[in-house]
Amino acid sequence: MIGDMRQVWRGIEPDEAETRIRYLTQKLVETDAALQAQRRALAMKPGSFAFKLSCESLEHLQECLLEERLEVLRHRVGEAVEVALDGRRFGKEGASIDHLGIFFRRLQKLYSSIAQAIQSGPTLAGPIAGDIRAATELQLAGVFPSSFGMLMVVPSQPDLTGRSLAGDSLAALFKVFMSENDEKALMEISGELGPRASSHLRHLARELSRSDATLRLSWATNSGQRLNSVIKPGDALAMVQSLEKIVQTHSEELGLSGVLAGASLVRGRFELLADNMGLIEGTIVTGLAESVKDAFGSRCEVTVNRTVVLDRGTGEQRTYYVLTSINGQKLSVLPAPA
């Protein structure tokens with residue numbers, strides 16, 4: 001395994017940066033939990049000066065922590081993923097360019113489709129925006145000893161909250177690959193990332209199964225946590241079989257009115273007390289952080305994507321919501337990769 005941190009961090013010592021990010025992220029998680037508790041208390045007693053003051057103090061602390069983390073993350077210029085293929089078609093004697101090309105296309109399409117869902121919500125079809133394709137373009141940066149070991153790098157730029165589409169999408173990609181034997185997790189993936197991402201995942205898994213290939217991936221997050229995923233041919237086949245049982249029975253875009261009862265910028269989730277629907281919760285697309293923060297605790301107009309997913313094997317049905325706009329404010333435009 002190789003890990004050239006010069007392709008990831010610039011202008012700062014990698015160990016120093018990752019240690020600082022770990023500390024700040026932990027403080028943000030703790031602050032977020034305290035803030036959610038105080039907001040719920042304020043909702044119960046909206047006239048309480050003490051609860052309001054506590055919320056304002058925690059919000060200020062959260063902003064300071066986010067700004068400090070952003071200063072460190074400005075030095076994070078890329079994400080590096082180590083990819084290795086092993087199997088009868090990927091031996092030491094060589095491999096077919098055609099087979100390698102199929103794998104690379106499948107992996108790239110899955111990664112970009114995940115990014116599209118995170119950035120603007122789940123979709124079935126249609127072109128992926130050029131800024132999203134540019135922000136998730138995997139570039140071959142090196143090779144290392146293995147049947148076929150490769151270092152892939154994608155440019156990374158943080159937004160005002162310190163999040164980057166490249167990093168968020170990689171985190172979701174690893175979550176996908178680590179869920180190969182968990183049908184409930186695959187249902188969540190289908191509901192929150194949409195049928196396009198599920199379809200590309202199924203195609204990639206089927207190709208690994210057909211090729212009798214093992215896929216190994218490794219990525220170090222901005223906090224230095226090393227994520228590893230190994231998908232063997234049998235795992236890939238099981239994933240295909242599970243995905244074929246999971247279907248979307250209904251998907252629609254809804255315009256709703258209600259009170260934003262809960263929102264976590266750290267976890268990217270919301271709770272809306274919707275008129276005529278009661279409490280609904282789900283994920284927030286990137287780029288809505290400021291709008292969500294400004295609307296918390298007040299009446300607002302939102303747009304959500306509602307998806308109903310059915311597991312035909314167990315008969316279990318689940319509904320997922322993704323917040324795509326609030327008070328007419330849709331997601332912000334992605335910065336162009338440096």
# chains A, B, ... in the order shown; residues from 1 in each chain; ligands from 1
>>> select_by_dssp(residues="stretch 82-315 of chain A", states="alpha helix (DSSP H)", output="PyMOL selection string")
chain A and resi 97-120+130-135+165-177+183-210+233-245+289-295
>>> residues_around(residues="A:Arg267", least_positions_apart="6", cutoff="10 Å", atoms="only C-alpha atoms", output="PyMOL selection string")
chain A and resi 29+32+283-284
>>> closest_atom_pairs(of="stretch 63-121 of chain A", to="stretch 175-193 of chain A", cutoff="8 Å", atoms="only C-alpha atoms", output="Markdown table")
| residue | atom | partner | partner_atom | distance |
| --- | --- | --- | --- | --- |
| A:Ile114 | CA | A:Leu193 | CA | 6.2 |
| A:Ala117 | CA | A:Leu193 | CA | 5.2 |
| A:Ile118 | CA | A:Leu193 | CA | 7.1 |
| A:Gly121 | CA | A:Leu193 | CA | 7.2 |
>>> write_last_selection(atoms="N, CA and C atoms", output="CSV table (one decimal), in the first residue's frame")
chain,number,residue,atom,x,y,z
A,114,ILE,N,-23.3,8.7,-7.0
A,114,ILE,CA,-23.5,8.9,-5.6
A,114,ILE,C,-23.3,10.4,-5.3
A,117,ALA,N,-26.4,12.4,-6.2
A,117,ALA,CA,-27.5,12.2,-5.2
A,117,ALA,C,-27.2,13.0,-4.0
A,118,ILE,N,-26.0,13.1,-3.6
A,118,ILE,CA,-25.6,13.8,-2.4
A,118,ILE,C,-25.8,15.3,-2.6
A,121,GLY,N,-29.9,15.4,-4.8
A,121,GLY,CA,-31.0,14.4,-4.6
A,121,GLY,C,-31.0,13.3,-5.5
>>> residues_around(residues="stretch 199-203 of chain A", least_positions_apart="5", cutoff="10 Å", atoms="only C-alpha atoms", output="PyMOL selection string")
chain A and resi 103+105-114+124+173+176-177+190+194+208-209+236-237+239-244
>>> write_last_selection(atoms="N, CA and C atoms", output="compact mmCIF listing (two decimals), in the first residue's frame")
# COMPACT_ATOMS: atom_id res chain seq x y z
N PHE A 103 -14.33 -2.13 -15.88
CA PHE A 103 -14.30 -1.92 -14.43
C PHE A 103 -14.18 -0.44 -14.09
N ARG A 105 -14.95 2.20 -15.86
CA ARG A 105 -16.18 2.94 -16.20
C ARG A 105 -17.26 2.69 -15.16
N ARG A 106 -17.40 1.42 -14.72
CA ARG A 106 -18.42 1.10 -13.72
C ARG A 106 -18.15 1.83 -12.40
N LEU A 107 -16.88 1.83 -11.98
CA LEU A 107 -16.52 2.48 -10.73
C LEU A 107 -16.74 3.99 -10.81
N GLN A 108 -16.32 4.59 -11.92
CA GLN A 108 -16.49 6.03 -12.09
C GLN A 108 -17.96 6.43 -12.12
N LYS A 109 -18.78 5.67 -12.83
CA LYS A 109 -20.20 5.99 -12.92
C LYS A 109 -20.88 5.85 -11.55
N LEU A 110 -20.50 4.84 -10.79
CA LEU A 110 -21.07 4.68 -9.45
C LEU A 110 -20.69 5.85 -8.57
N TYR A 111 -19.42 6.22 -8.58
CA TYR A 111 -18.93 7.32 -7.74
C TYR A 111 -19.63 8.64 -8.11
N SER A 112 -19.73 8.94 -9.39
CA SER A 112 -20.36 10.19 -9.83
C SER A 112 -21.86 10.19 -9.54
N SER A 113 -22.51 9.04 -9.65
CA SER A 113 -23.95 8.98 -9.37
C SER A 113 -24.22 9.19 -7.89
N ILE A 114 -23.34 8.68 -7.03
CA ILE A 114 -23.46 8.92 -5.59
C ILE A 114 -23.31 10.41 -5.30
N LEU A 124 -33.39 9.09 -11.33
CA LEU A 124 -33.39 7.83 -12.08
C LEU A 124 -32.47 7.90 -13.28
N LEU A 173 -19.50 5.98 -0.74
CA LEU A 173 -19.08 4.84 -1.56
C LEU A 173 -18.60 3.69 -0.67
N VAL A 176 -21.44 2.05 1.01
CA VAL A 176 -22.10 1.15 0.06
C VAL A 176 -21.37 -0.18 0.00
N PHE A 177 -20.06 -0.15 -0.19
CA PHE A 177 -19.29 -1.38 -0.33
C PHE A 177 -19.26 -2.20 0.95
N SER A 190 -30.64 2.56 -1.53
CA SER A 190 -31.56 2.71 -2.65
C SER A 190 -32.50 3.89 -2.43
N GLY A 194 -30.91 6.76 -4.53
CA GLY A 194 -31.73 6.67 -5.73
C GLY A 194 -31.40 5.50 -6.64
N LEU A 208 -17.84 -7.83 -11.27
CA LEU A 208 -16.87 -8.48 -10.39
C LEU A 208 -17.18 -9.97 -10.26
N SER A 209 -18.47 -10.29 -10.14
CA SER A 209 -18.87 -11.69 -10.02
C SER A 209 -18.54 -12.46 -11.30
N ALA A 236 -19.85 -10.13 -4.13
CA ALA A 236 -20.44 -9.38 -5.24
C ALA A 236 -21.72 -10.05 -5.73
N LEU A 237 -21.71 -11.37 -5.83
CA LEU A 237 -22.90 -12.10 -6.26
C LEU A 237 -24.04 -11.91 -5.27
N MET A 239 -24.49 -9.39 -3.32
CA MET A 239 -24.97 -8.01 -3.46
C MET A 239 -25.93 -7.88 -4.63
N VAL A 240 -25.57 -8.50 -5.75
CA VAL A 240 -26.45 -8.47 -6.93
C VAL A 240 -27.80 -9.07 -6.60
N GLN A 241 -27.79 -10.22 -5.94
CA GLN A 241 -29.04 -10.90 -5.59
C GLN A 241 -29.90 -10.07 -4.65
N SER A 242 -29.26 -9.40 -3.68
CA SER A 242 -30.01 -8.55 -2.75
C SER A 242 -30.58 -7.33 -3.46
N LEU A 243 -29.78 -6.69 -4.32
CA LEU A 243 -30.24 -5.50 -5.03
C LEU A 243 -31.39 -5.80 -5.98
N GLU A 244 -31.40 -7.02 -6.53
CA GLU A 244 -32.48 -7.39 -7.45
C GLU A 244 -33.81 -7.57 -6.72
>>> atom_distance(atom1="atom CA of A:Ala166", atom2="atom CA of A:Gln116")
10.8 Å
>>> residues_around(residues="A:Ser251", least_positions_apart="5", cutoff="10 Å", atoms="only C-alpha atoms", output="list in words")
Pro122, Thr123, Leu124, Gly191, Gly194, Pro195, Asn305, Arg306, Thr307, Val308, Val309, Thr319, Tyr320 and Tyr321 of chain A
>>> atom_distance(atom1="atom CA of A:Val83", atom2="atom CA of A:Gly234")
18.7 Å
